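Shown below: entry38.pdb, with PDB, C-alpha atoms, pLDDT in the B column.
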MODEL        1
ATOM      1  CA  MET A 400      74.081 102.479 102.586  1.00 59.00           C
ATOM      2  CA  LYS A 401      75.500 105.990 102.142  1.00 52.00           C
ATOM      3  CA  GLN A 402      74.208 106.986 105.602  1.00 53.00           C
ATOM      4  CA  PHE A 403      75.885 103.929 107.111  1.00 43.00           C
ATOM      5  CA  PHE A 404      79.284 104.951 105.708  1.00 43.00           C
ATOM      6  CA  GLN A 405      78.810 108.594 106.757  1.00 49.00           C
ATOM      7  CA  ARG A 406      77.897 107.495 110.276  1.00 49.00           C
ATOM      8  CA  ALA A 407      80.831 105.033 110.386  1.00 41.00           C
ATOM      9  CA  ALA A 408      83.211 107.767 109.195  1.00 43.00           C
ATOM     10  CA  GLY A 409      81.892 110.116 111.888  1.00 44.00           C
ATOM     11  CA  ILE A 410      82.365 107.480 114.589  1.00 44.00           C
ATOM     12  CA  ALA A 411      85.878 106.714 113.320  1.00 41.00           C
ATOM     13  CA  ALA A 412      86.765 110.430 113.424  1.00 41.00           C
ATOM     14  CA  ALA A 413      85.448 110.742 116.988  1.00 39.00           C
ATOM     15  CA  ILE A 414      87.450 107.695 118.094  1.00 41.00           C
ATOM     16  CA  ALA A 415      90.584 109.119 116.459  1.00 39.00           C
ATOM     17  CA  LEU A 416      90.122 112.427 118.306  1.00 37.00           C
ATOM     18  CA  LEU A 417      89.615 110.626 121.624  1.00 37.00           C
ATOM     19  CA  ALA A 418      92.731 108.540 121.050  1.00 38.00           C
ATOM     20  CA  VAL A 419      94.807 111.680 120.446  1.00 37.00           C
ATOM     21  CA  ALA A 420      93.350 113.620 123.418  1.00 36.00           C
ATOM     22  CA  PRO A 421      95.702 112.111 126.043  1.00 38.00           C
ATOM     23  CA  LEU A 422      98.674 112.981 123.825  1.00 37.00           C
ATOM     24  CA  SER A 423      97.629 116.621 123.759  1.00 38.00           C
ATOM     25  CA  GLN A 424      97.760 116.658 127.571  1.00 47.00           C
ATOM     26  CA  ALA A 425     101.400 115.550 127.584  1.00 60.00           C
ATOM     27  CA  HIS A 426     104.138 118.125 127.154  1.00 84.00           C
ATOM     28  CA  GLY A 427     107.792 117.518 126.553  1.00 93.00           C
ATOM     29  CA  TYR A 428     110.991 119.279 125.631  1.00 96.00           C
ATOM     30  CA  LYS A 429     114.158 118.302 123.779  1.00 95.00           C
ATOM     31  CA  LEU A 430     117.674 119.639 124.311  1.00 96.00           C
ATOM     32  CA  GLY A 431     120.240 117.951 122.098  1.00 95.00           C
ATOM     33  CA  GLN A 432     119.974 114.239 122.859  1.00 96.00           C
ATOM     34  CA  LEU A 433     118.064 114.824 126.113  1.00 97.00           C
ATOM     35  CA  GLU A 434     114.301 114.567 126.362  1.00 97.00           C
ATOM     36  CA  ILE A 435     112.402 116.158 129.249  1.00 97.00           C
ATOM     37  CA  GLY A 436     108.911 114.735 129.677  1.00 97.00           C
ATOM     38  CA  HIS A 437     105.777 116.037 131.411  1.00 96.00           C
ATOM     39  CA  PRO A 438     107.213 118.597 133.863  1.00 97.00           C
ATOM     40  CA  TYR A 439     104.649 119.348 136.549  1.00 97.00           C
ATOM     41  CA  ALA A 440     104.363 120.625 140.116  1.00 97.00           C
ATOM     42  CA  ARG A 441     101.847 119.918 142.822  1.00 96.00           C
ATOM     43  CA  ALA A 442      99.561 122.681 144.013  1.00 97.00           C
ATOM     44  CA  THR A 443     100.372 124.132 147.446  1.00 96.00           C
ATOM     45  CA  VAL A 444      98.309 125.834 150.133  1.00 93.00           C
ATOM     46  CA  PRO A 445      98.834 129.489 151.171  1.00 91.00           C
ATOM     47  CA  GLY A 446     101.789 129.780 153.542  1.00 91.00           C
ATOM     48  CA  GLN A 447     103.342 126.473 152.461  1.00 94.00           C
ATOM     49  CA  PRO A 448     107.055 127.315 152.098  1.00 95.00           C
ATOM     50  CA  ALA A 449     107.986 124.552 149.620  1.00 96.00           C
ATOM     51  CA  GLY A 450     106.527 122.514 146.811  1.00 96.00           C
ATOM     52  CA  GLY A 451     107.454 119.475 144.767  1.00 96.00           C
ATOM     53  CA  ALA A 452     107.975 119.200 141.026  1.00 97.00           C
ATOM     54  CA  TYR A 453     108.426 116.160 138.808  1.00 97.00           C
ATOM     55  CA  LEU A 454     109.478 115.274 135.263  1.00 97.00           C
ATOM     56  CA  SER A 455     111.273 112.577 133.325  1.00 97.00           C
ATOM     57  CA  LEU A 456     114.763 112.840 131.843  1.00 98.00           C
ATOM     58  CA  GLU A 457     115.896 110.554 129.042  1.00 98.00           C
ATOM     59  CA  ASN A 458     119.327 110.480 127.422  1.00 98.00           C
ATOM     60  CA  LYS A 459     118.902 109.330 123.802  1.00 97.00           C
ATOM     61  CA  GLY A 460     122.568 110.017 123.059  1.00 96.00           C
ATOM     62  CA  THR A 461     125.798 108.053 123.379  1.00 97.00           C
ATOM     63  CA  THR A 462     127.513 110.214 126.010  1.00 97.00           C
ATOM     64  CA  PRO A 463     126.504 110.845 129.626  1.00 97.00           C
ATOM     65  CA  ASP A 464     125.248 114.224 130.792  1.00 98.00           C
ATOM     66  CA  LYS A 465     124.358 115.670 134.157  1.00 97.00           C
ATOM     67  CA  LEU A 466     121.603 117.944 135.455  1.00 98.00           C
ATOM     68  CA  VAL A 467     123.719 120.396 137.460  1.00 97.00           C
ATOM     69  CA  ALA A 468     121.366 123.283 138.303  1.00 97.00           C
ATOM     70  CA  LEU A 469     117.715 124.332 138.413  1.00 97.00           C
ATOM     71  CA  SER A 470     116.030 127.683 138.919  1.00 98.00           C
ATOM     72  CA  SER A 471     112.537 129.138 138.960  1.00 98.00           C
ATOM     73  CA  PRO A 472     111.357 132.703 139.546  1.00 97.00           C
ATOM     74  CA  VAL A 473     108.716 131.415 142.019  1.00 97.00           C
ATOM     75  CA  ALA A 474     111.280 129.905 144.430  1.00 97.00           C
ATOM     76  CA  LYS A 475     114.303 131.260 146.293  1.00 98.00           C
ATOM     77  CA  THR A 476     116.016 127.872 145.981  1.00 97.00           C
ATOM     78  CA  THR A 477     115.438 124.966 143.624  1.00 97.00           C
ATOM     79  CA  GLU A 478     117.128 121.619 144.348  1.00 96.00           C
ATOM     80  CA  ILE A 479     117.105 118.011 143.222  1.00 96.00           C
ATOM     81  CA  HIS A 480     116.241 115.718 146.127  1.00 95.00           C
ATOM     82  CA  THR A 481     116.121 111.979 146.558  1.00 93.00           C
ATOM     83  CA  MET A 482     114.014 110.053 149.003  1.00 87.00           C
ATOM     84  CA  ALA A 483     114.336 106.521 150.239  1.00 80.00           C
ATOM     85  CA  MET A 484     113.125 104.365 153.085  1.00 80.00           C
ATOM     86  CA  GLU A 485     115.796 103.659 155.693  1.00 81.00           C
ATOM     87  CA  GLY A 486     114.264 101.175 158.072  1.00 84.00           C
ATOM     88  CA  ASN A 487     110.920 102.711 159.070  1.00 86.00           C
ATOM     89  CA  LEU A 488     111.996 106.273 158.246  1.00 85.00           C
ATOM     90  CA  MET A 489     111.596 108.184 155.011  1.00 80.00           C
ATOM     91  CA  LYS A 490     114.845 110.097 154.390  1.00 84.00           C
ATOM     92  CA  MET A 491     114.999 112.998 151.953  1.00 86.00           C
ATOM     93  CA  ARG A 492     118.284 114.548 150.904  1.00 90.00           C
ATOM     94  CA  GLU A 493     119.615 116.995 148.343  1.00 92.00           C
ATOM     95  CA  VAL A 494     121.524 115.317 145.507  1.00 93.00           C
ATOM     96  CA  ASP A 495     125.101 116.600 145.709  1.00 91.00           C
ATOM     97  CA  GLY A 496     127.005 117.299 142.496  1.00 93.00           C
ATOM     98  CA  GLY A 497     124.064 116.992 140.117  1.00 95.00           C
ATOM     99  CA  LEU A 498     122.063 114.125 138.661  1.00 97.00           C
ATOM    100  CA  ALA A 499     123.935 111.988 136.115  1.00 97.00           C
ATOM    101  CA  ILE A 500     121.992 110.641 133.143  1.00 98.00           C
ATOM    102  CA  GLN A 501     123.759 107.806 131.359  1.00 98.00           C
ATOM    103  CA  PRO A 502     123.305 107.062 127.616  1.00 98.00           C
ATOM    104  CA  GLY A 503     120.014 105.228 127.110  1.00 97.00           C
ATOM    105  CA  GLN A 504     118.893 105.940 130.689  1.00 97.00           C
ATOM    106  CA  LYS A 505     115.473 107.330 131.632  1.00 97.00           C
ATOM    107  CA  ILE A 506     114.938 108.828 135.073  1.00 96.00           C
ATOM    108  CA  ALA A 507     111.308 109.283 136.084  1.00 95.00           C
ATOM    109  CA  MET A 508     110.816 111.755 138.920  1.00 95.00           C
ATOM    110  CA  GLN A 509     107.498 110.947 140.564  1.00 90.00           C
ATOM    111  CA  PRO A 510     105.764 111.463 143.898  1.00 88.00           C
ATOM    112  CA  GLY A 511     106.674 109.012 146.630  1.00 80.00           C
ATOM    113  CA  ASN A 512     109.685 107.425 144.975  1.00 75.00           C
ATOM    114  CA  GLY A 513     113.254 108.338 144.081  1.00 88.00           C
ATOM    115  CA  TYR A 514     114.090 111.793 142.764  1.00 95.00           C
ATOM    116  CA  HIS A 515     112.027 114.963 142.853  1.00 96.00           C
ATOM    117  CA  ILE A 516     112.595 118.719 142.555  1.00 97.00           C
ATOM    118  CA  MET A 517     112.091 120.919 145.601  1.00 96.00           C
ATOM    119  CA  LEU A 518     110.917 124.490 145.055  1.00 97.00           C
ATOM    120  CA  MET A 519     111.820 126.167 148.368  1.00 97.00           C
ATOM    121  CA  GLY A 520     111.016 129.656 149.584  1.00 97.00           C
ATOM    122  CA  LEU A 521     107.956 129.981 147.354  1.00 97.00           C
ATOM    123  CA  SER A 522     107.035 133.581 146.549  1.00 94.00           C
ATOM    124  CA  GLN A 523     103.386 132.569 146.056  1.00 93.00           C
ATOM    125  CA  PRO A 524     101.246 129.444 146.354  1.00 95.00           C
ATOM    126  CA  LEU A 525     101.285 127.100 143.367  1.00 97.00           C
ATOM    127  CA  LYS A 526      97.669 126.926 142.159  1.00 96.00           C
ATOM    128  CA  ALA A 527      96.210 124.079 140.095  1.00 96.00           C
ATOM    129  CA  GLY A 528      95.995 125.153 136.472  1.00 96.00           C
ATOM    130  CA  ASP A 529      98.926 127.592 136.698  1.00 96.00           C
ATOM    131  CA  LYS A 530     102.084 127.235 134.631  1.00 97.00           C
ATOM    132  CA  VAL A 531     105.414 127.947 136.311  1.00 97.00           C
ATOM    133  CA  PRO A 532     108.743 128.441 134.493  1.00 97.00           C
ATOM    134  CA  LEU A 533     111.690 126.220 135.414  1.00 98.00           C
ATOM    135  CA  THR A 534     115.198 126.401 133.927  1.00 98.00           C
ATOM    136  CA  LEU A 535     117.241 123.192 133.794  1.00 98.00           C
ATOM    137  CA  THR A 536     121.006 123.435 133.310  1.00 98.00           C
ATOM    138  CA  PHE A 537     122.909 120.404 132.046  1.00 98.00           C
ATOM    139  CA  GLU A 538     126.683 119.997 132.164  1.00 97.00           C
ATOM    140  CA  LYS A 539     127.023 119.313 128.403  1.00 96.00           C
ATOM    141  CA  ALA A 540     123.701 120.085 126.717  1.00 96.00           C
ATOM    142  CA  GLY A 541     123.324 123.529 128.321  1.00 97.00           C
ATOM    143  CA  LYS A 542     120.132 125.243 129.471  1.00 97.00           C
ATOM    144  CA  VAL A 543     116.501 124.658 128.637  1.00 97.00           C
ATOM    145  CA  ASP A 544     113.418 126.488 129.890  1.00 97.00           C
ATOM    146  CA  VAL A 545     110.402 124.289 130.581  1.00 97.00           C
ATOM    147  CA  MET A 546     106.941 125.025 131.921  1.00 97.00           C
ATOM    148  CA  LEU A 547     105.716 123.195 135.012  1.00 97.00           C
ATOM    149  CA  HIS A 548     101.983 122.556 134.828  1.00 97.00           C
ATOM    150  CA  VAL A 549     100.596 122.860 138.364  1.00 97.00           C
ATOM    151  CA  GLU A 550      98.308 119.950 139.204  1.00 95.00           C
ATOM    152  CA  ASP A 551      95.999 119.320 142.143  1.00 91.00           C
ATOM    153  CA  PRO A 552      97.601 116.628 144.350  1.00 79.00           C
ATOM    154  CA  ALA A 553      94.164 115.423 145.468  1.00 75.00           C
ATOM    155  CA  ALA A 554      93.415 114.505 141.863  1.00 64.00           C
ATOM    156  CA  ALA A 555      96.615 112.471 141.535  1.00 52.00           C
ATOM    157  CA  SER A 556      96.840 108.937 142.817  1.00 47.00           C
ATOM    158  CA  GLY A 557      99.227 108.102 145.620  1.00 43.00           C
ATOM    159  CA  LYS A 558      99.999 109.850 148.858  1.00 40.00           C
ATOM    160  CA  ASP A 559     101.248 113.369 149.387  1.00 42.00           C
ATOM    161  CA  ASP A 560     105.032 112.953 149.575  1.00 42.00           C
ATOM    162  CA  MET A 561     105.626 116.600 150.516  1.00 42.00           C
ATOM    163  CA  LYS A 562     103.803 116.304 153.842  1.00 41.00           C
ATOM    164  CA  GLY A 563     106.325 116.962 156.575  1.00 39.00           C
ATOM    165  CA  HIS A 564     109.159 117.564 154.096  1.00 41.00           C
ATOM    166  CA  MET A 565     111.635 119.889 155.696  1.00 38.00           C
ATOM    167  CA  HIS A 566     114.934 121.099 154.288  1.00 37.00           C
ATOM    168  CA  HIS A 567     117.924 119.600 156.096  1.00 35.00           C
TER     169      HIS A 567
ENDMDL
END
Now, as a test, write the supplied structure out as structure tokens.
Amino acid sequence: MKQFFQRAAGIAAAIALLAVAPLSQAHGYKLGQLEIGHPYARATVPGQPAGGAYLSLENKGTTPDKLVALSSPVAKTTEIHTMAMEGNLMKMREVDGGLAIQPGQKIAMQPGNGYHIMLMGLSQPLKAGDKVPLTLTFEKAGKVDVMLHVEDPAAASGKDDMKGHMHH
């Protein structure tokens, strides 16, 4: 009977560790009432002049804020872009004036839909497994430094939304 309980305790411990494993892969940041979740960038190939980065922004406060600037030492220019289908064409544009985040709102930047961050004029390719610094500046909350985890786009589901993306 003692062996049964020892074995059951070992199995329970293993299950608990497996359940926590996905949480250890996630990374997030907090700045005042703003939460920045899972910042990551897609790996690029040598000579590719731009790359895409993604994260989530959530305003847990009672007043609006706005993401007004971004910067990274690996890119000459860092901008917030939006993309949308207009008829049969995919249109990508820089977001003018910053990205407002209303109280209680969560904005999920993800490949192929809505907002994303463009890292333009890359000084080096973004390689899977690398970590790249990114500074976010908010109108009210101020600045926060986050780390973009570079992921292999082939490993992610969905299509490559950066293909053919050119700055307008």
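The point (124.0, 105.6, 125.1) has these residues within 6 Å of it, counting all atoms listed in the file: Gly460, Thr461, Thr462, Pro502 and Gly503 of chain A.
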C-alpha atoms of the current selection, written as a tab-separated table (two decimals), in the coordinates of the input:
chain	number	residue	atom	x	y	z
A	460	GLY	CA	122.57	110.02	123.06
A	461	THR	CA	125.80	108.05	123.38
A	462	THR	CA	127.51	110.21	126.01
A	502	PRO	CA	123.30	107.06	127.62
A	503	GLY	CA	120.01	105.23	127.11
Using all atoms listed in the file, which protein or nucleic acid residues come within 7 Å of Lys465 of chain A? Drop anything in the same chain fewer than 2 positions from it, and give the result as a list in words.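 The residues satisfying every condition are Pro463, Val467, Gly497, Leu498, Ala499, Ile500, Phe537 and Glu538 of chain A.
Proximity of A:His515, A:Ala507, A:Ser522, A:Leu466 to Ile479 of chain A, computed with all atoms listed in the file, is greatest for A:His515.
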Report as a list in words all protein, DNA and RNA residues lying within 8 Å of Met491 of chain A, evaluated on only C-alpha atoms, omitting residues in the same chain fewer than 3 positions from it. His480, Thr481, Met482, Ala483 and His564 of chain A
Could those residues be written to a file, using C-alpha atoms, as an mmCIF file, in the frame of the given file?
data_model
loop_
_atom_site.group_PDB
_atom_site.id
_atom_site.type_symbol
_atom_site.label_atom_id
_atom_site.label_comp_id
_atom_site.auth_asym_id
_atom_site.auth_seq_id
_atom_site.Cartn_x
_atom_site.Cartn_y
_atom_site.Cartn_z
ATOM 1 C CA HIS A 480 116.241 115.718 146.127
ATOM 2 C CA THR A 481 116.121 111.979 146.558
ATOM 3 C CA MET A 482 114.014 110.053 149.003
ATOM 4 C CA ALA A 483 114.336 106.521 150.239
ATOM 5 C CA HIS A 564 109.159 117.564 154.096
#
Calculate how many Å separate atom CA of Ala474 of chain A from atom CA of Leu430 of chain A, rounding to one decimal.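 Between atom CA of Ala474 of chain A and atom CA of Leu430 of chain A the gap is 23.5 Å.
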For the file shown, what are the residues hit by the PyMOL selection byres ((chain A and resi 472) around 10), laid out as a list in words?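 Checked against the file, the PyMOL selection byres ((chain A and resi 472) around 10) matches Ser470, Ser471, Val473, Ala474, Lys475, Thr476, Thr477, Leu518, Leu521, Ser522, Val531, Pro532, Leu533 and Thr534 of chain A.
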